[in-house]
$ cat start.cif   # mmCIF, C-alpha atoms and all ligand atoms
data_model
#
loop_
_atom_site.label_atom_id
_atom_site.label_comp_id
_atom_site.auth_asym_id
_atom_site.auth_seq_id
_atom_site.Cartn_x
_atom_site.Cartn_y
_atom_site.Cartn_z
CA PRO A 1 -30.81 82.67 -43.57
CA PHE A 2 -34.45 83.40 -42.76
CA ASP A 3 -36.50 86.52 -43.37
CA VAL A 4 -38.60 85.83 -40.28
CA LEU A 5 -37.46 83.41 -37.59
CA VAL A 6 -40.03 82.72 -34.88
CA VAL A 7 -38.85 81.54 -31.47
CA GLY A 8 -41.64 79.51 -29.84
CA GLY A 9 -44.25 77.16 -31.23
CA GLY A 10 -47.38 78.02 -29.23
CA PRO A 11 -50.39 79.94 -30.56
CA ALA A 12 -48.40 83.19 -30.78
CA GLY A 13 -45.53 81.58 -32.69
CA ALA A 14 -47.82 79.62 -35.00
CA GLY A 15 -49.90 82.75 -35.69
CA ALA A 16 -46.73 84.66 -36.55
CA ALA A 17 -45.43 81.89 -38.82
CA VAL A 18 -48.65 81.57 -40.81
CA TYR A 19 -48.83 85.32 -41.40
CA ALA A 20 -45.15 85.60 -42.34
CA ALA A 21 -45.17 82.58 -44.65
CA ARG A 22 -48.25 83.87 -46.48
CA LYS A 23 -46.12 86.86 -47.57
CA GLY A 24 -43.95 84.41 -49.48
CA ILE A 25 -40.87 85.06 -47.36
CA ARG A 26 -38.47 82.53 -45.80
CA THR A 27 -40.02 81.64 -42.45
CA GLY A 28 -38.81 79.32 -39.71
CA ILE A 29 -39.97 78.31 -36.24
CA VAL A 30 -37.63 77.05 -33.58
CA ALA A 31 -39.47 75.62 -30.55
CA ASP A 32 -38.57 73.69 -27.48
CA ARG A 33 -41.97 71.98 -27.61
CA PHE A 34 -44.28 72.81 -30.51
CA GLY A 35 -47.82 73.54 -29.29
CA GLY A 36 -46.65 75.17 -26.05
CA GLN A 37 -49.15 75.30 -23.21
CA THR A 38 -51.96 73.99 -25.41
CA ASN A 39 -50.34 70.54 -25.12
CA ASP A 40 -51.25 70.59 -21.43
CA THR A 41 -54.82 71.76 -21.87
CA LEU A 42 -57.65 69.27 -21.65
CA GLY A 43 -60.50 71.12 -23.31
CA ILE A 44 -60.54 74.41 -25.23
CA GLU A 45 -63.97 76.02 -25.59
CA ASN A 46 -63.13 79.67 -26.14
CA TYR A 47 -61.26 79.83 -29.44
CA ILE A 48 -63.75 81.66 -31.63
CA SER A 49 -65.39 79.46 -34.29
CA VAL A 50 -64.05 76.27 -32.68
CA LYS A 51 -66.82 75.36 -30.24
CA GLU A 52 -64.91 72.59 -28.56
CA THR A 53 -61.55 70.87 -29.03
CA THR A 54 -58.79 69.31 -26.97
CA GLY A 55 -55.37 70.86 -26.38
CA PRO A 56 -53.37 68.13 -28.17
CA LYS A 57 -55.75 68.28 -31.16
CA PHE A 58 -55.41 72.08 -31.25
CA ALA A 59 -51.59 71.75 -31.18
CA ALA A 60 -51.65 69.17 -34.00
CA ASP A 61 -53.95 71.42 -36.07
CA MET A 62 -51.57 74.36 -35.57
CA LEU A 63 -48.64 72.26 -36.77
CA GLU A 64 -50.53 71.15 -39.85
CA HIS A 65 -51.56 74.73 -40.64
CA VAL A 66 -47.99 75.99 -40.31
CA LYS A 67 -46.54 73.15 -42.39
CA GLN A 68 -49.07 73.77 -45.16
CA TYR A 69 -47.17 77.00 -45.87
CA GLY A 70 -43.79 75.32 -45.95
CA VAL A 71 -42.55 76.86 -42.70
CA ASP A 72 -39.26 75.29 -41.60
CA VAL A 73 -40.20 73.84 -38.18
CA MET A 74 -37.25 73.05 -35.92
CA ASN A 75 -38.93 71.32 -32.98
CA LEU A 76 -37.28 70.17 -29.72
CA GLN A 77 -34.66 72.91 -29.96
CA ARG A 78 -34.06 75.50 -27.26
CA VAL A 79 -32.75 78.96 -27.98
CA ALA A 80 -29.94 80.04 -25.65
CA LYS A 81 -29.58 83.65 -26.75
CA ILE A 82 -30.36 86.35 -29.29
CA ILE A 83 -27.51 88.28 -30.87
CA PRO A 84 -28.81 91.70 -31.95
CA ALA A 85 -28.02 93.04 -35.43
CA SER A 86 -24.82 95.08 -35.58
CA GLU A 87 -26.95 97.78 -37.16
CA PRO A 88 -30.59 98.00 -38.26
CA GLY A 89 -31.17 95.83 -41.34
CA GLU A 90 -28.25 93.49 -40.58
CA MET A 91 -28.66 89.83 -39.61
CA ILE A 92 -29.88 88.88 -36.15
CA GLY A 93 -28.29 85.77 -34.63
CA VAL A 94 -30.32 83.10 -32.85
CA GLN A 95 -28.02 80.81 -30.89
CA LEU A 96 -29.38 77.36 -30.03
CA GLU A 97 -28.46 75.45 -26.89
CA ASN A 98 -26.95 72.74 -29.11
CA GLY A 99 -24.44 75.30 -30.38
CA ALA A 100 -25.93 75.97 -33.83
CA LEU A 101 -26.28 79.60 -34.90
CA LEU A 102 -29.31 80.56 -37.02
CA GLN A 103 -29.50 83.87 -38.82
CA SER A 104 -32.51 85.91 -39.73
CA ARG A 105 -33.35 89.39 -40.97
CA SER A 106 -36.10 89.60 -38.36
CA VAL A 107 -37.11 87.63 -35.28
CA VAL A 108 -40.44 87.13 -33.50
CA LEU A 109 -40.09 86.09 -29.85
CA ALA A 110 -43.06 83.98 -28.70
CA THR A 111 -41.69 81.88 -25.87
CA GLY A 112 -44.82 81.96 -23.69
CA ALA A 113 -45.04 81.48 -19.96
CA ARG A 114 -45.70 78.87 -17.29
CA TRP A 115 -47.95 78.93 -14.24
CA ARG A 116 -46.14 78.80 -10.93
CA ASN A 117 -47.02 75.58 -9.11
CA LEU A 118 -47.86 75.12 -5.43
CA ASN A 119 -45.62 72.06 -5.24
CA VAL A 120 -47.82 70.26 -2.72
CA PRO A 121 -48.88 66.60 -2.80
CA GLY A 122 -51.81 66.00 -5.15
CA GLU A 123 -51.31 69.09 -7.33
CA GLU A 124 -49.57 67.30 -10.17
CA GLU A 125 -51.72 64.17 -9.88
CA TYR A 126 -55.01 66.10 -10.13
CA LYS A 127 -54.02 68.66 -12.79
CA ASN A 128 -57.00 68.96 -15.16
CA LYS A 129 -58.94 66.74 -12.71
CA GLY A 130 -59.94 69.56 -10.43
CA VAL A 131 -56.66 71.47 -10.20
CA ALA A 132 -56.84 74.42 -12.62
CA TYR A 133 -54.84 77.54 -13.37
CA CYS A 134 -57.04 79.64 -15.64
CA PRO A 135 -60.44 80.90 -14.43
CA HIS A 136 -61.37 82.28 -17.87
CA CYS A 137 -60.74 78.85 -19.35
CA ASP A 138 -61.95 76.39 -16.74
CA GLY A 139 -64.36 78.40 -14.56
CA PRO A 140 -67.50 77.18 -16.37
CA LEU A 141 -66.49 73.54 -15.70
CA PHE A 142 -67.14 74.16 -11.99
CA LYS A 143 -70.63 75.62 -12.33
CA GLY A 144 -72.56 75.09 -9.09
CA LYS A 145 -69.57 73.42 -7.38
CA ARG A 146 -67.24 74.42 -4.54
CA VAL A 147 -63.75 75.69 -5.30
CA ALA A 148 -60.73 77.24 -3.63
CA VAL A 149 -58.54 79.93 -5.14
CA VAL A 150 -54.99 79.85 -3.81
CA GLY A 151 -53.25 83.23 -3.94
CA GLY A 152 -54.42 86.61 -2.65
CA GLY A 153 -52.77 88.91 -5.20
CA ASN A 154 -54.69 90.69 -7.95
CA SER A 155 -55.08 87.58 -10.09
CA GLY A 156 -56.28 85.45 -7.17
CA VAL A 157 -58.81 87.99 -5.92
CA GLU A 158 -60.03 88.68 -9.49
CA ALA A 159 -60.41 84.93 -9.96
CA ALA A 160 -62.42 84.63 -6.73
CA ILE A 161 -64.79 87.43 -7.81
CA ASP A 162 -65.11 85.95 -11.31
CA LEU A 163 -65.73 82.41 -10.05
CA ALA A 164 -68.20 83.53 -7.36
CA GLY A 165 -70.63 84.33 -10.18
CA ILE A 166 -70.42 80.79 -11.57
CA VAL A 167 -69.70 78.36 -8.75
CA ALA A 168 -71.58 77.64 -5.47
CA HIS A 169 -68.80 78.72 -3.13
CA VAL A 170 -65.24 80.07 -3.25
CA THR A 171 -62.64 79.84 -0.50
CA LEU A 172 -59.85 82.33 -1.16
CA ILE A 173 -56.61 81.25 0.49
CA GLU A 174 -53.70 83.61 1.12
CA PHE A 175 -50.45 82.65 2.78
CA GLY A 176 -49.62 86.15 4.06
CA GLU A 177 -51.22 88.27 6.78
CA GLN A 178 -53.53 90.00 4.31
CA LEU A 179 -54.65 89.98 0.69
CA ARG A 180 -52.20 91.74 -1.61
CA ALA A 181 -54.69 92.83 -4.26
CA ASP A 182 -55.92 96.36 -5.00
CA ALA A 183 -58.26 97.67 -2.28
CA VAL A 184 -61.23 97.92 -4.66
CA LEU A 185 -60.92 94.21 -5.51
CA VAL A 186 -60.52 93.22 -1.87
CA SER A 187 -63.65 95.08 -0.81
CA LYS A 188 -65.58 93.59 -3.73
CA ALA A 189 -64.48 90.06 -2.75
CA LYS A 190 -65.38 90.71 0.91
CA SER A 191 -68.86 91.86 -0.10
CA LEU A 192 -69.73 88.60 -1.87
CA PRO A 193 -71.86 86.23 0.23
CA ASN A 194 -70.40 83.05 -1.28
CA VAL A 195 -66.72 83.95 -0.84
CA THR A 196 -64.81 83.00 2.32
CA ILE A 197 -61.38 84.58 2.77
CA LEU A 198 -58.66 82.83 4.77
CA THR A 199 -55.35 84.58 5.45
CA ARG A 200 -52.20 83.14 7.02
CA ALA A 201 -53.31 79.84 5.50
CA LYS A 202 -50.71 77.56 3.94
CA THR A 203 -51.98 75.03 1.43
CA THR A 204 -50.44 71.68 2.27
CA GLU A 205 -52.23 69.11 0.10
CA VAL A 206 -54.77 68.59 -2.65
CA GLU A 207 -56.76 65.45 -1.88
CA GLY A 208 -58.63 63.40 -4.43
CA LYS A 209 -60.93 60.45 -4.65
CA ASP A 210 -61.84 58.30 -7.67
CA GLY A 211 -59.46 60.31 -9.84
CA VAL A 212 -60.83 63.79 -9.05
CA VAL A 213 -60.23 66.46 -6.42
CA ASN A 214 -62.41 66.21 -3.32
CA ALA A 215 -60.64 68.33 -0.69
CA LEU A 216 -57.89 70.79 0.11
CA HIS A 217 -55.77 70.76 3.26
CA TYR A 218 -54.23 73.86 4.79
CA GLU A 219 -52.36 74.86 7.87
CA ASP A 220 -53.55 77.84 9.88
CA MET A 221 -50.22 79.62 10.42
CA ALA A 222 -51.58 81.55 13.42
CA THR A 223 -52.43 78.45 15.44
CA GLY A 224 -50.45 75.70 13.71
CA THR A 225 -53.62 73.65 13.28
CA THR A 226 -54.47 71.84 10.06
CA HIS A 227 -57.82 71.90 8.33
CA ARG A 228 -59.60 70.13 5.48
CA ILE A 229 -62.09 71.81 3.13
CA GLU A 230 -64.36 69.66 0.98
CA LEU A 231 -64.54 70.97 -2.56
CA GLU A 232 -64.38 70.01 -6.23
CA GLY A 233 -61.85 72.47 -7.64
CA VAL A 234 -58.63 74.29 -6.80
CA PHE A 235 -57.51 77.31 -8.85
CA VAL A 236 -53.83 78.07 -8.36
CA GLN A 237 -53.16 81.79 -8.82
CA ILE A 238 -49.67 82.36 -7.48
CA GLY A 239 -48.07 83.76 -10.60
CA LEU A 240 -47.38 83.33 -14.28
CA VAL A 241 -43.67 83.24 -15.14
CA PRO A 242 -42.61 84.31 -18.65
CA ASN A 243 -40.01 82.13 -20.40
CA THR A 244 -37.61 85.01 -20.95
CA ASP A 245 -34.54 84.28 -18.80
CA PHE A 246 -32.43 83.79 -21.90
CA LEU A 247 -33.31 87.31 -23.11
CA LYS A 248 -32.22 89.22 -19.98
CA ASP A 249 -29.05 90.57 -21.56
CA SER A 250 -30.51 91.55 -24.91
CA VAL A 251 -34.17 92.57 -24.71
CA THR A 252 -35.95 95.02 -22.40
CA LEU A 253 -38.15 93.18 -19.89
CA ASN A 254 -40.46 94.63 -17.24
CA ARG A 255 -40.12 93.77 -13.54
CA PHE A 256 -42.16 90.59 -14.04
CA GLY A 257 -39.80 89.44 -16.79
CA GLU A 258 -42.30 90.17 -19.57
CA ILE A 259 -40.91 91.43 -22.90
CA GLU A 260 -41.88 95.07 -23.34
CA VAL A 261 -43.78 95.52 -26.59
CA ASP A 262 -45.65 98.41 -28.13
CA ALA A 263 -49.05 98.17 -29.84
CA LYS A 264 -47.40 96.72 -32.97
CA GLY A 265 -45.25 94.16 -31.18
CA HIS A 266 -41.92 96.01 -31.44
CA THR A 267 -39.30 95.28 -28.76
CA ASN A 268 -36.40 97.62 -28.02
CA LEU A 269 -34.25 95.88 -30.68
CA PRO A 270 -34.63 96.77 -34.36
CA GLY A 271 -36.02 93.80 -36.28
CA VAL A 272 -36.99 91.91 -33.12
CA PHE A 273 -40.71 91.60 -32.36
CA ALA A 274 -42.60 89.69 -29.67
CA ALA A 275 -46.05 88.30 -29.00
CA GLY A 276 -48.13 86.22 -26.62
CA ASP A 277 -47.80 85.25 -22.97
CA ALA A 278 -44.09 86.19 -22.87
CA THR A 279 -44.93 89.87 -23.40
CA THR A 280 -46.49 92.78 -21.53
CA THR A 281 -49.73 92.33 -23.52
CA PRO A 282 -52.48 91.66 -20.96
CA TYR A 283 -54.87 88.67 -20.85
CA LYS A 284 -52.94 85.48 -21.43
CA GLN A 285 -55.24 83.53 -23.73
CA ILE A 286 -54.89 81.47 -26.91
CA VAL A 287 -56.98 83.77 -29.08
CA VAL A 288 -55.07 86.81 -27.80
CA ALA A 289 -51.67 85.13 -28.36
CA ALA A 290 -52.57 84.03 -31.90
CA GLY A 291 -53.77 87.54 -32.75
CA GLU A 292 -50.69 89.17 -31.29
CA GLY A 293 -48.48 86.71 -33.19
CA SER A 294 -50.08 87.69 -36.46
CA LYS A 295 -49.55 91.37 -35.60
CA ALA A 296 -45.87 90.79 -34.80
CA ALA A 297 -45.38 89.02 -38.16
CA LEU A 298 -47.02 91.88 -40.05
CA SER A 299 -44.76 94.32 -38.21
CA ALA A 300 -41.75 92.18 -39.14
CA PHE A 301 -42.85 92.25 -42.79
CA ASP A 302 -43.26 96.01 -42.59
CA TYR A 303 -39.73 96.25 -41.17
CA LEU A 304 -38.31 94.04 -43.95
CA ILE A 305 -39.80 96.03 -46.81
CA ARG A 306 -38.42 99.23 -45.29
CA SER A 307 -34.91 97.96 -44.54
CA SER A 308 -32.29 98.35 -47.21
CA VAL A 309 -30.61 94.93 -46.96
CA ALA A 310 -31.79 92.59 -49.72
P1 LIG B 1 -46.98 79.09 -25.13
O1 LIG B 1 -48.21 78.34 -25.46
O2 LIG B 1 -46.46 79.04 -23.74
O3 LIG B 1 -45.82 78.58 -26.14
C1 LIG B 1 -44.49 78.96 -25.94
C2 LIG B 1 -43.60 78.24 -26.95
O4 LIG B 1 -42.25 78.71 -26.81
C3 LIG B 1 -43.52 76.73 -26.76
O5 LIG B 1 -43.44 76.12 -28.03
C4 LIG B 1 -42.22 76.56 -25.98
O6 LIG B 1 -41.68 75.26 -26.13
C5 LIG B 1 -41.37 77.60 -26.65
N1 LIG B 1 -40.18 78.06 -25.92
C6 LIG B 1 -40.10 78.61 -24.68
N2 LIG B 1 -38.82 78.92 -24.39
C7 LIG B 1 -38.08 78.59 -25.47
C8 LIG B 1 -36.69 78.67 -25.83
N3 LIG B 1 -35.77 79.20 -25.00
N4 LIG B 1 -36.29 78.22 -27.04
C9 LIG B 1 -37.18 77.69 -27.91
N5 LIG B 1 -38.51 77.60 -27.66
C10 LIG B 1 -38.94 78.04 -26.46
N6 LIG B 1 -56.12 79.70 -23.03
C11 LIG B 1 -57.31 79.77 -23.65
O7 LIG B 1 -57.53 80.70 -24.44
N7 LIG B 1 -58.26 78.80 -23.47
C12 LIG B 1 -58.08 77.74 -22.64
O8 LIG B 1 -58.97 76.91 -22.48
C13 LIG B 1 -56.82 77.64 -21.95
N8 LIG B 1 -56.59 76.63 -21.09
C14 LIG B 1 -55.36 76.53 -20.51
C15 LIG B 1 -55.10 75.41 -19.69
C16 LIG B 1 -53.85 75.23 -19.14
C17 LIG B 1 -53.60 74.01 -18.29
C18 LIG B 1 -52.82 76.21 -19.37
C19 LIG B 1 -51.45 76.00 -18.80
C20 LIG B 1 -53.08 77.32 -20.16
C21 LIG B 1 -54.35 77.50 -20.73
N9 LIG B 1 -54.65 78.60 -21.53
C22 LIG B 1 -55.85 78.67 -22.19
C23 LIG B 1 -53.64 79.67 -21.79
C24 LIG B 1 -53.01 79.48 -23.17
O9 LIG B 1 -52.55 78.15 -23.29
C25 LIG B 1 -51.86 80.47 -23.37
O10 LIG B 1 -52.35 81.79 -23.22
C26 LIG B 1 -51.23 80.33 -24.76
O11 LIG B 1 -50.79 79.02 -25.01
C27 LIG B 1 -50.07 81.31 -24.92
O12 LIG B 1 -49.49 81.12 -26.17
P2 LIG B 1 -47.97 81.51 -26.47
O13 LIG B 1 -47.73 81.11 -27.86
O14 LIG B 1 -47.74 82.92 -26.07
O15 LIG B 1 -47.09 80.65 -25.45
#

$ encode --input "start.cif" --output "structure tokens"
Amino acid sequence: PFDVLVVGGGPAGAGAAVYAARKGIRTGIVADRFGGQTNDTLGIENYISVKETTGPKFAADMLEHVKQYGVDVMNLQRVAKIIPASEPGEMIGVQLENGALLQSRSVVLATGARWRNLNVPGEEEYKNKGVAYCPHCDGPLFKGKRVAVVGGGNSGVEAAIDLAGIVAHVTLIEFGEQLRADAVLVSKAKSLPNVTILTRAKTTEVEGKDGVVNALHYEDMATGTTHRIELEGVFVQIGLVPNTDFLKDSVTLNRFGEIEVDAKGHTNLPGVFAAGDATTTPYKQIVVAAGEGSKAALSAFDYLIRSSVA
């Protein structure tokens, strides 16, 4: 059995594993795909002290760091469910999809999230070639260029305001009758001279040329007409979905499916902690996830030294 078993091998899980293993306790990571979202990231320029790296290099560095401490890494394994301890201090069960049952005195959940896709032609093909999902990450790459933001909720309108300060022009595209963001954000976006807002507009295609995005097509739902906007970037902001379906019956989630955690990473279950994009902690970023993972591991250690079971 493990002292700390981490579920998820992204920045949050790796951060948790390094901190747990450095306490000299039995630490494991079980991950569907070690590296998580960083595997899909082209360039990372905002991890403090690392001026520039690529996602796959970052993921490989995390794996090396974790292995240096002898963490038992079980990659390409999905967890199907968590079986809470019968009472505080007892073993927690971690059931894998392949049927195996792992046991641990504490668990850190770090299963991350995934961006909801538009599912229109060109989106997949031009990912990282003009199609982006994270304004904090990729905004500066579009300095002085023209972009669209698809999605008129809080994250879309925030992205439009944020990007308007960097890029030449932003077209904000909302499918519904009106923007769904907070009124203060909507009026801010409307006040910006380089932001155009389109409502009742359905994105139908991302067009590219020479391997990069050069236009976006949309249908005006009011008239049924189709239009083409020339631009260099498309930010998709239609939701971030936490990978927490398998926890529905055991762990308290909020209405977005995020694991509810307190400031120390405790969930509702004794001995079960959580960190990163899968949780209610705001700002889904690598540096935030890694920091939260380390906090969750320290909380797990604190729990272990206070629980009576040897
Ligand atoms: P994730 O990275 O999502 O990792 C989750 C882990 O859990 C994975 O190993 C996954 O396989 C595993 N998992 C999920 N479900 C299960 C299960 N049931 N059983 C077992 N394992 C499971 N952030 C930045 O700070 N800078 C950037 O430049 C940047 N660029 C980005 C670019 C792209 C294209 C994307 C998609 C994201 C980007 N982000 C960036 C965001 C950043 O990647 C995330 O905030 C960060 O990876 C979250 O870390 P995490 O550990 O919480 O989750």

$ closest_residue --input "start.cif" --among "A:Glu230, A:Asp61, A:Glu258, A:Asp277" --to "ligand LIG 1 (chain B)" --atoms "all atoms listed in the file"
A:Asp277

$ residues_around --input "start.cif" --residues "Ser155 in chain A" --least-positions-apart "2" --cutoff "9 Å" --atoms "only C-alpha atoms" --output "MDAnalysis selection string"
chainID A and resid 151:153 157:160 181 237:239

$ axis_aligned_box --input "start.cif" --around "ligand LIG 1 (chain B)" --padding-each-side "8 Å" --output "JSON"
{"center_x": -47.4, "center_y": 78.5, "center_z": -23.2, "size_x": 39.2, "size_y": 24.9, "size_z": 25.7}

$ closest_residue --input "start.cif" --among "A:Ser299, A:Thr196, A:Thr171, A:Thr38" --to "ligand LIG 1 (chain B)" --atoms "only C-alpha atoms and all ligand atoms"
A:Thr38

$ residues_near_ligand --input "start.cif" --ligand "ligand LIG 1 (chain B)" --cutoff "7 Å" --atoms "all atoms listed in the file" --output "MDAnalysis selection string"
chainID A and resid 7:13 30:38 40:47 77:80 110:115 128 132:134 137:138 243 246 275:278 284:287 289:290

$ atom_distance --input "start.cif" --atom1 "CA of Thr53 in chain A" --atom2 "CA of Leu5 in chain A"
28.5 Å

$ decode --input "start.cif" --residues "range 99-148 of chain A" --atoms "C-alpha atoms" --output "compact mmCIF listing (two decimals), in the first residue's frame"
# COMPACT_ATOMS: atom_id res chain seq x y z
CA GLY A 99 -9.87 -4.09 -12.45
CA ALA A 100 -6.83 -3.71 -10.15
CA LEU A 101 -7.43 -2.21 -6.71
CA LEU A 102 -4.71 0.03 -5.24
CA GLN A 103 -4.71 1.01 -1.60
CA SER A 104 -3.35 4.10 0.04
CA ARG A 105 -3.51 5.89 3.37
CA SER A 106 -4.11 9.16 1.54
CA VAL A 107 -5.01 10.19 -2.00
CA VAL A 108 -4.40 13.37 -4.01
CA LEU A 109 -6.83 13.85 -6.90
CA ALA A 110 -5.23 15.82 -9.76
CA THR A 111 -7.13 14.71 -12.84
CA GLY A 112 -7.17 18.10 -14.59
CA ALA A 113 -9.60 19.33 -17.19
CA ARG A 114 -10.11 19.65 -20.93
CA TRP A 115 -11.23 22.59 -23.06
CA ARG A 116 -14.56 22.13 -24.77
CA ASN A 117 -14.06 22.09 -28.54
CA LEU A 118 -16.15 23.83 -31.20
CA ASN A 119 -16.13 20.70 -33.35
CA VAL A 120 -16.08 22.62 -36.63
CA PRO A 121 -13.90 21.91 -39.67
CA GLY A 122 -10.38 23.32 -39.29
CA GLU A 123 -10.36 23.50 -35.48
CA GLU A 124 -8.39 20.32 -34.93
CA GLU A 125 -6.14 20.87 -37.95
CA TYR A 126 -5.09 24.38 -36.85
CA LYS A 127 -4.74 23.76 -33.10
CA ASN A 128 -1.58 25.59 -31.99
CA LYS A 129 -1.43 27.08 -35.52
CA GLY A 130 -3.82 29.91 -34.79
CA VAL A 131 -6.50 28.04 -32.83
CA ALA A 132 -5.89 28.65 -29.12
CA TYR A 133 -7.72 28.07 -25.86
CA CYS A 134 -5.80 30.05 -23.25
CA PRO A 135 -5.49 33.85 -23.54
CA HIS A 136 -3.06 34.07 -20.60
CA CYS A 137 -0.81 31.57 -22.35
CA ASP A 138 -1.05 32.40 -26.03
CA GLY A 139 -2.30 36.02 -26.13
CA PRO A 140 1.20 37.52 -26.59
CA LEU A 141 1.75 35.34 -29.69
CA PHE A 142 -0.93 37.39 -31.48
CA LYS A 143 0.50 40.83 -30.72
CA GLY A 144 -0.67 43.31 -33.37
CA LYS A 145 -2.76 40.65 -35.17
CA ARG A 146 -6.50 40.08 -35.64
CA VAL A 147 -8.28 37.45 -33.58
CA ALA A 148 -11.75 36.14 -32.80
